[in-house]
Every structure is written in C-alpha cells, then in structure tokens.
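Trainee: Sharing query-v1.txt (compact mmCIF, C-alpha atoms and all ligand atoms) below.
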# COMPACT_ATOMS: atom_id res chain seq x y z
CA MET A 1 18.72 22.05 8.01
CA SER A 2 16.72 21.58 11.22
CA TRP A 3 18.31 20.98 14.61
CA ASP A 4 15.35 19.04 16.04
CA SER A 5 17.06 15.78 16.89
CA LEU A 6 20.53 14.56 17.76
CA THR A 7 20.89 13.08 14.27
CA ASP A 8 19.80 16.36 12.62
CA ILE A 9 22.38 18.26 14.66
CA ALA A 10 25.16 15.75 14.03
CA ASN A 11 24.45 15.75 10.29
CA ALA A 12 24.39 19.55 10.19
CA MET A 13 27.74 19.72 12.02
CA VAL A 14 29.50 17.63 9.38
CA GLU A 15 27.60 18.63 6.24
CA LYS A 16 29.78 18.73 3.09
CA GLY A 17 31.41 22.07 2.44
CA ARG A 18 31.36 23.23 6.07
CA GLY A 19 33.23 22.37 9.25
CA ILE A 20 33.66 23.31 12.87
CA LEU A 21 35.67 26.17 14.36
CA ALA A 22 37.28 25.10 17.65
CA ALA A 23 37.43 28.36 19.59
CA ASP A 24 37.19 26.73 23.02
CA GLU A 25 40.71 27.41 24.25
CA SER A 26 40.64 27.41 28.03
CA THR A 27 41.83 30.65 29.66
CA PRO A 28 45.40 29.31 30.21
CA THR A 29 45.62 28.13 26.57
CA CYS A 30 44.18 31.41 25.28
CA THR A 31 46.75 33.24 27.41
CA LYS A 32 49.50 31.20 25.74
CA ARG A 33 48.16 32.19 22.30
CA PHE A 34 47.89 35.87 23.33
CA ASP A 35 51.44 35.80 24.78
CA SER A 36 52.68 34.83 21.30
CA ILE A 37 51.34 38.14 19.91
CA GLY A 38 52.11 40.25 23.00
CA VAL A 39 48.49 40.84 24.00
CA GLU A 40 47.31 40.75 27.61
CA SER A 41 44.83 37.94 28.25
CA THR A 42 41.94 39.79 29.88
CA ALA A 43 38.26 38.79 29.63
CA GLU A 44 37.73 41.94 27.54
CA ASN A 45 40.50 41.07 25.06
CA ARG A 46 39.32 37.47 24.81
CA ASN A 47 35.82 38.75 24.05
CA ALA A 48 37.18 41.14 21.40
CA TYR A 49 39.17 38.35 19.76
CA ARG A 50 36.27 35.89 19.66
CA ASP A 51 33.95 38.66 18.45
CA MET A 52 36.35 39.30 15.56
CA LEU A 53 36.12 35.63 14.54
CA PHE A 54 32.37 35.20 14.96
CA THR A 55 31.38 38.42 13.16
CA THR A 56 33.52 37.66 10.10
CA PRO A 57 31.21 38.44 7.18
CA GLY A 58 30.20 35.22 5.41
CA MET A 59 31.91 32.81 7.80
CA GLU A 60 28.66 30.83 7.99
CA GLU A 61 29.27 29.70 4.39
CA PHE A 62 32.08 27.48 5.68
CA ILE A 63 31.50 27.11 9.43
CA SER A 64 28.74 24.75 10.60
CA GLY A 65 29.41 25.07 14.32
CA VAL A 66 31.65 26.78 16.84
CA ILE A 67 33.00 25.21 20.03
CA LEU A 68 32.91 27.79 22.81
CA PHE A 69 34.54 27.95 26.22
CA ASP A 70 32.45 28.54 29.37
CA GLU A 71 33.50 32.20 29.51
CA THR A 72 32.63 32.83 25.85
CA ILE A 73 29.16 31.28 25.90
CA ARG A 74 28.26 33.97 28.48
CA GLN A 75 29.77 36.88 26.47
CA SER A 76 28.10 39.05 23.82
CA THR A 77 28.98 40.57 20.45
CA LEU A 78 30.69 43.95 20.85
CA LYS A 79 28.64 46.01 18.40
CA ASP A 80 25.09 44.81 19.11
CA GLY A 81 25.43 43.20 22.53
CA VAL A 82 23.82 39.96 21.34
CA PRO A 83 24.69 36.88 23.43
CA ILE A 84 27.27 34.94 21.41
CA PRO A 85 25.26 31.69 21.16
CA ASP A 86 22.25 33.69 19.88
CA HIS A 87 24.42 35.49 17.35
CA LEU A 88 25.75 32.17 16.02
CA THR A 89 22.31 30.57 15.94
CA SER A 90 20.94 33.53 13.95
CA LEU A 91 23.58 32.79 11.29
CA GLY A 92 22.70 29.08 11.14
CA VAL A 93 25.93 28.21 12.96
CA ILE A 94 25.46 25.69 15.78
CA PRO A 95 26.85 26.75 19.17
CA GLY A 96 28.83 24.08 21.01
CA ILE A 97 30.61 23.99 24.35
CA LYS A 98 33.75 22.40 25.77
CA VAL A 99 32.64 20.55 28.90
CA ASP A 100 35.67 18.59 30.07
CA LYS A 101 37.81 19.86 32.92
CA GLY A 102 41.15 19.07 31.36
CA ALA A 103 43.64 16.20 31.44
CA HIS A 104 44.93 15.25 34.92
CA PRO A 105 47.53 12.70 36.10
CA LEU A 106 46.27 9.12 35.89
CA ALA A 107 47.20 7.25 39.06
CA GLY A 108 49.32 4.16 38.56
CA THR A 109 50.88 5.34 35.29
CA ASP A 110 54.16 7.02 34.50
CA GLY A 111 52.91 10.55 33.84
CA GLU A 112 49.94 9.69 31.64
CA LYS A 113 46.69 11.63 31.81
CA VAL A 114 42.97 11.04 32.10
CA THR A 115 40.40 13.71 31.33
CA GLU A 116 38.17 14.73 34.23
CA GLY A 117 34.82 16.52 34.43
CA LEU A 118 32.07 13.91 34.81
CA ASP A 119 30.99 15.08 38.29
CA GLY A 120 28.06 17.47 37.95
CA LEU A 121 28.17 17.22 34.15
CA ALA A 122 24.43 16.66 33.75
CA ASP A 123 23.62 19.90 35.60
CA ARG A 124 26.16 21.88 33.60
CA LEU A 125 24.73 20.50 30.35
CA LYS A 126 21.22 21.65 31.33
CA GLU A 127 22.51 25.19 31.76
CA TYR A 128 24.49 25.11 28.51
CA TYR A 129 21.43 23.83 26.63
CA ASP A 130 19.40 26.75 27.99
CA LEU A 131 22.16 29.12 26.87
CA GLY A 132 21.79 27.71 23.32
CA ALA A 133 24.46 24.99 23.03
CA ARG A 134 23.43 21.99 20.91
CA PHE A 135 26.67 20.03 20.98
CA ALA A 136 29.57 19.49 23.38
CA LYS A 137 33.22 18.51 23.27
CA TRP A 138 35.36 16.33 25.54
CA ARG A 139 39.05 15.83 24.72
CA ALA A 140 41.14 12.90 25.91
CA VAL A 141 44.92 13.25 25.50
CA LEU A 142 47.25 10.32 24.85
CA THR A 143 50.95 10.28 24.06
CA ILE A 144 53.11 7.85 22.13
CA SER A 145 56.46 6.75 23.58
CA ASP A 146 58.24 3.46 24.33
CA ASP A 147 55.88 2.85 27.28
CA ALA A 148 52.83 4.85 26.30
CA PRO A 149 49.99 4.81 25.90
CA SER A 150 49.44 2.12 28.54
CA SER A 151 46.32 -0.04 28.30
CA GLU A 152 45.09 1.59 31.56
CA CYS A 153 45.35 5.02 29.98
CA VAL A 154 43.57 3.94 26.77
CA SER A 155 40.71 2.27 28.63
CA ALA A 156 40.27 4.95 31.33
CA ASN A 157 39.99 7.67 28.70
CA ALA A 158 37.67 5.61 26.48
CA HIS A 159 35.42 4.89 29.48
CA ALA A 160 35.23 8.58 30.41
CA LEU A 161 34.56 9.63 26.79
CA ALA A 162 31.67 7.16 26.61
CA ARG A 163 30.18 8.25 29.95
CA TYR A 164 30.35 11.88 28.80
CA ALA A 165 28.78 11.01 25.43
CA ALA A 166 25.88 9.13 27.02
CA ILE A 167 25.16 12.01 29.41
CA CYS A 168 25.24 14.51 26.51
CA GLN A 169 22.79 12.51 24.43
CA GLU A 170 20.44 12.17 27.40
CA HIS A 171 20.39 15.98 27.65
CA GLY A 172 19.87 16.74 23.95
CA LEU A 173 23.45 17.66 23.03
CA VAL A 174 25.51 15.90 20.36
CA PRO A 175 28.82 14.75 21.84
CA ILE A 176 32.03 15.39 19.95
CA VAL A 177 34.15 12.44 21.03
CA GLU A 178 37.80 13.48 20.85
CA PRO A 179 40.49 10.92 21.68
CA GLU A 180 43.57 12.94 20.67
CA ILE A 181 46.85 11.13 20.26
CA LEU A 182 49.52 13.81 20.34
CA MET A 183 51.91 13.81 17.42
CA ASP A 184 54.84 15.11 19.45
CA GLY A 185 57.68 12.59 19.50
CA ILE A 186 59.94 10.52 17.31
CA HIS A 187 57.45 7.75 16.48
CA THR A 188 56.86 6.66 12.89
CA ILE A 189 53.59 6.92 10.99
CA GLU A 190 53.26 3.13 11.39
CA ASP A 191 53.39 3.55 15.20
CA SER A 192 50.75 6.26 14.92
CA PHE A 193 48.55 3.94 12.84
CA VAL A 194 48.72 1.07 15.35
CA ILE A 195 48.01 3.29 18.38
CA THR A 196 45.25 5.26 16.67
CA GLU A 197 43.52 2.03 15.65
CA GLU A 198 43.77 0.63 19.18
CA VAL A 199 42.44 3.83 20.75
CA LEU A 200 39.52 4.06 18.30
CA HIS A 201 38.52 0.40 18.76
CA THR A 202 38.59 0.79 22.54
CA THR A 203 36.64 4.03 22.38
CA PHE A 204 33.94 2.57 20.13
CA TYR A 205 33.70 -0.52 22.31
CA GLU A 206 32.98 1.73 25.32
CA LEU A 207 30.55 3.90 23.34
CA TYR A 208 28.68 0.73 22.35
CA ALA A 209 28.80 -0.74 25.86
CA GLN A 210 27.36 2.44 27.34
CA GLY A 211 24.52 2.74 24.82
CA VAL A 212 25.70 5.78 22.89
CA THR A 213 23.83 6.30 19.61
CA TYR A 214 26.42 6.47 16.85
CA GLU A 215 24.05 8.40 14.55
CA GLY A 216 23.95 11.24 17.09
CA MET A 217 27.66 11.80 17.68
CA VAL A 218 30.68 13.21 15.85
CA LEU A 219 34.18 11.72 16.12
CA LYS A 220 37.09 14.16 16.38
CA PRO A 221 40.30 12.18 15.92
CA ASN A 222 43.89 12.99 15.13
CA MET A 223 45.11 12.21 11.64
CA VAL A 224 47.63 9.36 11.35
CA LEU A 225 50.90 11.28 11.04
CA SER A 226 54.61 10.75 11.59
CA GLY A 227 55.72 12.06 14.98
CA TYR A 228 56.81 15.66 14.54
CA GLU A 229 60.39 14.76 15.52
CA CYS A 230 60.52 11.58 13.40
CA THR A 231 63.29 11.74 10.79
CA ALA A 232 61.07 10.10 8.13
CA GLN A 233 58.10 12.37 7.48
CA ALA A 234 55.25 10.72 5.55
CA SER A 235 53.95 12.37 2.38
CA VAL A 236 50.49 13.90 2.11
CA ASP A 237 49.27 10.87 0.14
CA GLU A 238 50.63 8.42 2.74
CA VAL A 239 48.94 10.34 5.54
CA ALA A 240 45.65 10.32 3.63
CA GLU A 241 45.80 6.62 2.82
CA MET A 242 46.81 5.49 6.29
CA THR A 243 44.31 7.73 8.05
CA VAL A 244 41.40 6.57 5.87
CA THR A 245 42.44 2.91 6.25
CA CYS A 246 42.68 3.26 10.02
CA LEU A 247 39.30 4.96 10.29
CA SER A 248 37.63 2.43 7.98
CA ARG A 249 38.76 -0.37 10.31
CA ALA A 250 37.58 1.25 13.51
CA VAL A 251 34.74 3.76 12.94
CA PRO A 252 31.23 2.36 12.36
CA SER A 253 29.53 3.67 9.24
CA ALA A 254 26.56 4.78 11.38
CA VAL A 255 28.68 7.71 12.60
CA PRO A 256 27.66 10.59 10.30
CA GLY A 257 30.93 12.44 10.29
CA ILE A 258 34.52 12.71 11.35
CA ALA A 259 35.85 16.20 12.10
CA PHE A 260 39.62 16.18 12.49
CA LEU A 261 41.63 18.24 14.95
CA SER A 262 44.68 19.95 13.46
CA GLY A 263 47.02 19.16 16.37
CA GLY A 264 49.82 21.58 15.56
CA GLN A 265 50.12 20.86 11.80
CA THR A 266 50.79 23.90 9.62
CA ASP A 267 47.68 25.50 8.14
CA GLU A 268 48.62 24.32 4.66
CA LYS A 269 49.30 20.73 5.74
CA ALA A 270 46.00 20.54 7.62
CA SER A 271 44.17 21.62 4.45
CA ALA A 272 46.23 19.38 2.15
CA HIS A 273 45.74 16.25 4.30
CA LEU A 274 41.98 16.76 4.57
CA ASN A 275 41.78 17.39 0.84
CA ALA A 276 43.76 14.24 -0.04
CA MET A 277 41.50 12.10 2.17
CA ASN A 278 38.38 13.48 0.51
CA GLN A 279 39.91 12.88 -2.92
CA LEU A 280 40.54 9.25 -1.91
CA LEU A 281 36.90 8.84 -0.84
CA ASN A 282 35.85 10.62 -4.04
CA GLY A 283 32.56 11.92 -2.64
CA GLY A 284 31.67 8.48 -1.23
CA GLY A 285 32.74 6.75 1.95
CA PRO A 286 30.62 5.95 4.98
CA TRP A 287 31.13 9.28 6.75
CA ASN A 288 31.74 12.91 5.82
CA LEU A 289 35.30 13.98 6.56
CA THR A 290 35.61 17.58 7.72
CA TYR A 291 37.52 19.84 10.09
CA SER A 292 37.18 20.90 13.68
CA TYR A 293 40.36 22.96 13.68
CA GLY A 294 41.58 25.36 16.31
CA ARG A 295 45.07 26.52 15.41
CA ALA A 296 44.84 25.66 11.68
CA LEU A 297 41.80 27.96 11.30
CA GLN A 298 42.89 30.72 13.66
CA ALA A 299 46.68 31.13 13.49
CA PRO A 300 46.89 33.69 10.63
CA ALA A 301 43.89 35.62 11.99
CA LEU A 302 45.39 35.78 15.49
CA LYS A 303 48.61 37.19 14.07
CA ALA A 304 46.86 39.71 11.83
CA TRP A 305 44.62 40.86 14.73
CA GLY A 306 47.47 41.53 17.15
CA GLY A 307 45.07 42.91 19.77
CA SER A 308 44.03 46.02 17.80
CA SER A 309 40.52 46.81 16.59
CA ASP A 310 42.11 48.55 13.57
CA ASN A 311 43.25 45.13 12.36
CA VAL A 312 39.85 43.43 12.56
CA PRO A 313 39.17 43.54 8.78
CA ALA A 314 42.59 42.02 7.96
CA ALA A 315 42.18 39.36 10.65
CA GLN A 316 38.69 38.50 9.39
CA ASP A 317 40.05 38.18 5.84
CA ALA A 318 42.69 35.75 7.11
CA PHE A 319 40.11 33.66 9.00
CA TYR A 320 37.70 33.69 6.04
CA LYS A 321 40.48 32.49 3.74
CA ARG A 322 41.41 29.50 5.94
CA ALA A 323 37.76 28.57 6.43
CA ARG A 324 37.14 28.75 2.66
CA LEU A 325 40.21 26.65 1.80
CA ASN A 326 39.33 23.99 4.36
CA ALA A 327 35.74 23.95 3.09
CA LEU A 328 37.12 23.24 -0.40
CA ALA A 329 39.22 20.45 1.15
CA THR A 330 36.04 18.75 2.42
CA LYS A 331 35.10 18.34 -1.24
CA GLY A 332 38.59 17.44 -2.48
CA GLU A 333 38.74 20.75 -4.37
CA TYR A 334 41.64 22.40 -2.56
CA ALA A 335 45.01 22.97 -4.27
CA ALA A 336 48.24 24.31 -2.81
CA ASN A 337 48.40 27.10 -5.40
CA MET A 338 45.24 28.61 -3.86
CA GLU A 339 47.40 29.61 -0.92
P1 LIG B 401 43.73 22.13 17.18
O1 LIG B 401 43.06 22.05 15.82
O2 LIG B 401 44.50 23.40 17.37
O3 LIG B 401 44.47 20.89 17.51
O4 LIG B 401 42.55 22.25 18.23
C1 LIG B 401 41.44 21.49 18.08
C2 LIG B 401 40.85 21.19 19.39
O5 LIG B 401 39.73 21.54 19.65
C3 LIG B 401 41.65 20.43 20.36
O6 LIG B 401 40.82 19.99 21.38
Could you render the structure from this file as structure tokens?
Mentor:
Amino acid sequence: MSWDSLTDIANAMVEKGRGILAADESTPTCTKRFDSIGVESTAENRNAYRDMLFTTPGMEEFISGVILFDETIRQSTLKDGVPIPDHLTSLGVIPGIKVDKGAHPLAGTDGEKVTEGLDGLADRLKEYYDLGARFAKWRAVLTISDDAPSSECVSANAHALARYAAICQEHGLVPIVEPEILMDGIHTIEDSFVITEEVLHTTFYELYAQGVTYEGMVLKPNMVLSGYECTAQASVDEVAEMTVTCLSRAVPSAVPGIAFLSGGQTDEKASAHLNAMNQLLNGGGPWNLTYSYGRALQAPALKAWGGSSDNVPAAQDAFYKRARLNALATKGEYAANME
C-alpha cells in the first residue's frame, strides 16, 4: 500500500487484519509502567524496551503503525543503530507521533481537563515529518460523574482536537483524533453511551466546521463500557452492540477507520470486545474497526521483559501473541480458547 496521500495513509493504518501499537507513553507514564516491574526509567532502558517491541520478528504482519513519543522517534535500534522511524518504515509499518502536551486543568470547571499543545504545533509537525512520521495523535480526556463532563469541557476539547487535526492535514500527517472518555467510575453502560454519543457529535461538528477531511483521519474512541466500579457489568455482546450503535449514529461513513483505545480493559476483554463488534458488522459496515492499544498489547510483554535482555525472546513472543489475537479480532475470528 502506498503512503502518498492522507487517504492512502489513513487506509493503510486501519487495513483489515492489522492495527496500531500505541507505544507513545510519556516519560512519566513510562516510569509508572517500569515501576510496576521494578525497572529504573532511564532513557537507555526505555530505548531497550521499545527496541524489544519494534524488533519482534513478524510484528509487521499485525501492526500497521506505531505511535511514538518524542524521545523514541529520535532513538535507534540497539543492534543495527537504525533510527527507529526508518526501521519501522523499512518493515512497512507507519511511524506516528504523539503531539499533544497532556491534559491540563480547564479554567471555570470543577477539576476537568483540556488538552494543550497547539502553540508551535505546525513547526513541530514539520520536524516530525522530516524524521519520518506520517501520522500523529492527540488525546483529549473526559470523565463521567454527576457533574461531568460539562458542556464547556466537551466543546473545549472538541475544538482543540479539530484545530490539531486541521494543522496535521495541512502538514501531510494523518491525525488520530482521540476523545477518550475514561471508564473509571460507577456509571452504567447507558451513561457511557449517552456521553460518548454527545462527545462524538460535538467532535465531528468541530472537525467539519474547521474543514478537516474525514477521509484523511482516523478516530480513536473509547468503547462504550460500564464504569469499572459499576455493580452491573455489561456482557461482551452488550458492549459490542452499544458501541457499534453509538458509532453508527455519530461517525460519518467517510472516516476510513476506527481504532479503539483499550483504556485499562484486560487484554482478553479488549480482544473479545473488538471481535464481537467485527462479528456484528460481519465484514461490512462503513468503517474498519481495529485497535490502537497501549496496555492491551504491551502488558504481558512488559512483564515478561522485566528489564533484562535475556528475556527479550519471551517478551517478543508475548507481544506477538497479543498482536496476532487482536488482528484476528479485526476479522471476527478471535475466540477465547485461543488464549
Ligand atoms: P491504552 O490502550 O492503554 O488505553 O492506550 C492507548 C492510548 O494511546 C491512550 O492514549
């Protein structure tokens, strides 16, 4: 597949049978992950960990693109010293880059957040393009509670996502538009449905208003789930049905693909939900449904790696397995007994 135009790139990112590896944890988030396995978060260790993932033999069968962090896009493979974006490109895996500057307090709200990073974005994108990036990611974070999300929070984040997306497209990068509604809390799946629909409608209104080309973008939403602390947990089939219904109401069919975040679901649930949605669409549907998972692709590999080069083969096996199972889920061919 060529990467000549925004639509080529967007289509390649979400092609059936492959998905995106989100490996763009900021240094503080990566440090949190390394703390969980007792490994010091140095630039060298972060390079070794990302190298383990990106040199997994055959990962390109299931991974269409990798989202990198600013530090990683400037690092190289350990064995051959090849710049990481060049290494990925040589495998036919599209390098991407996280470009937002994180979620910050939104004035006038009770603790809600707006994602920052628009200042100087165009210049940063020019550099990332020269380093090999062909897509970008910007994540907005919203919470559900009795008073949240407020309409100010929904519209401020949608406006920023659309401004980011327009700037990306002007500089030849496909924007991943990620309005993430956190699933922490006691809310029901019905609450999640209503808020997700509102956030997606508002986001697409802003994308339209700011002239973003739907054919040259990828949406990265949360699935519609019960809050993790809700006493009534929806079944896999309910999650699939409600997520597909919500998306079909709010996402234009011109968008080539939807690549879900995993958002703290277990690895198995993230695969099962994606699989059930693809079974519902039965190979049809207006958009390809795939993954852009961070934790749900990396968790077993991180544990198996444990900071030691001796464990690289075992960690790569664990990553390869999750990538393969999620790739099957994009075709509705995953089953729990494959675990
Ligand atoms: P998770 O799949 O771990 O939620 O991460 C995806 C991501 O990129 C969040 O921005």
Trainee: What does the list of residues within 8 Å of ligand LIG 401 (chain B) look like if you count all atoms listed in the file, written as a list in words?
Mentor: Ala22, Ala23, Asp24, Glu25, Ile67, Lys137, Trp138, Arg139, Glu178, Glu180, Phe260, Leu261, Ser262, Gly263, Gly264, Ser292, Tyr293, Gly294, Arg295, Ala296 and Leu297 of chain A
Trainee: What's around A:Phe54 at 9 Å? Count only C-alpha atoms, leave out sequence neighbours fewer than 5 positions away in its own chain, and write the answer as a list in words.
Mentor: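 Surrounding residues, per the criterion: Tyr49, Met59, Val66, Thr77, Ile84, His87 and Leu88 of chain A.
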Trainee: For atom CA of A:Leu173 and atom CA of A:Thr202, quote the distance in Å rounded to one decimal.
Mentor: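 Between atom CA of A:Leu173 and atom CA of A:Thr202 the gap works out to 22.7 Å.
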Trainee: Let me make sure I understand: among A:Ala240, A:Met52, A:Met1, A:Ala323, which one has the smallest atom-to-atom distance to A:Met223 if we use only C-alpha atoms?
Mentor: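 Among the listed residues, the smallest separation from A:Met223 belongs to A:Ala240.
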Trainee: Which centre and which edge lengths, in Å to one decimal, describe the axis-aligned box that holds all listed atoms of stretch 323-333 of chain A after 5 Å is added on each side, as lines of an AutoDock Vina configuration file?
Mentor:
center_x = 37.7
center_y = 23.1
center_z = 1.0
size_x = 15.1
size_y = 21.3
size_z = 20.8
Trainee: Please list as a CSV table (one decimal) with C-alpha atoms, in the frame of the given file every residue within 8 Å of stretch 145-152 of chain A, counting all atoms listed in the file and excluding residues in the same chain fewer than 4 positions away.
Mentor:
chain,number,residue,atom,x,y,z
A,109,THR,CA,50.9,5.3,35.3
A,112,GLU,CA,49.9,9.7,31.6
A,156,ALA,CA,40.3,5.0,31.3
A,185,GLY,CA,57.7,12.6,19.5
A,187,HIS,CA,57.4,7.8,16.5
A,195,ILE,CA,48.0,3.3,18.4
Trainee: Ranking A:Leu225, A:Met217, A:Ala250, A:Val199 by minimum distance to A:Ile9 and counting all atoms listed in the file, which one comes first?
Mentor: A:Met217
Trainee: Taking 3 positions as the minimum chain separation for residues in the same chain, which residues sit within 9 Å of A:Ile167 when counting only C-alpha atoms? Answer as a VMD selection string.
Mentor: chain A and resid 118 121 to 122 125 162 to 164 170 to 173 175
Trainee: Report, in Å to a single decimal, how far apart atom CA of A:Met242 and atom CA of A:Lys16 are.
Mentor: 21.8 Å
Trainee: Using atom CA of A:Arg18 and atom CA of A:Tyr291 as the two end points, give the distance in Å to one decimal.
Mentor: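 About the pair atom CA of A:Arg18 and atom CA of A:Tyr291: they are 8.1 Å apart.
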Trainee: For A:Ser248, which residue among A:Asp310, A:Asp8, A:Asp123, A:Glu197 is the nearest when counting only C-alpha atoms?
Mentor: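 Residue with the minimum atom-to-atom distance to A:Ser248: A:Glu197.
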Trainee: Excluding same-chain residues fewer than 2 positions from stretch 211-213 of chain A, what lies within 8 Å of it counting all atoms listed in the file, as a PyMOL selection string?
Mentor: chain A and resi 162+165-166+169+207-209+215-217
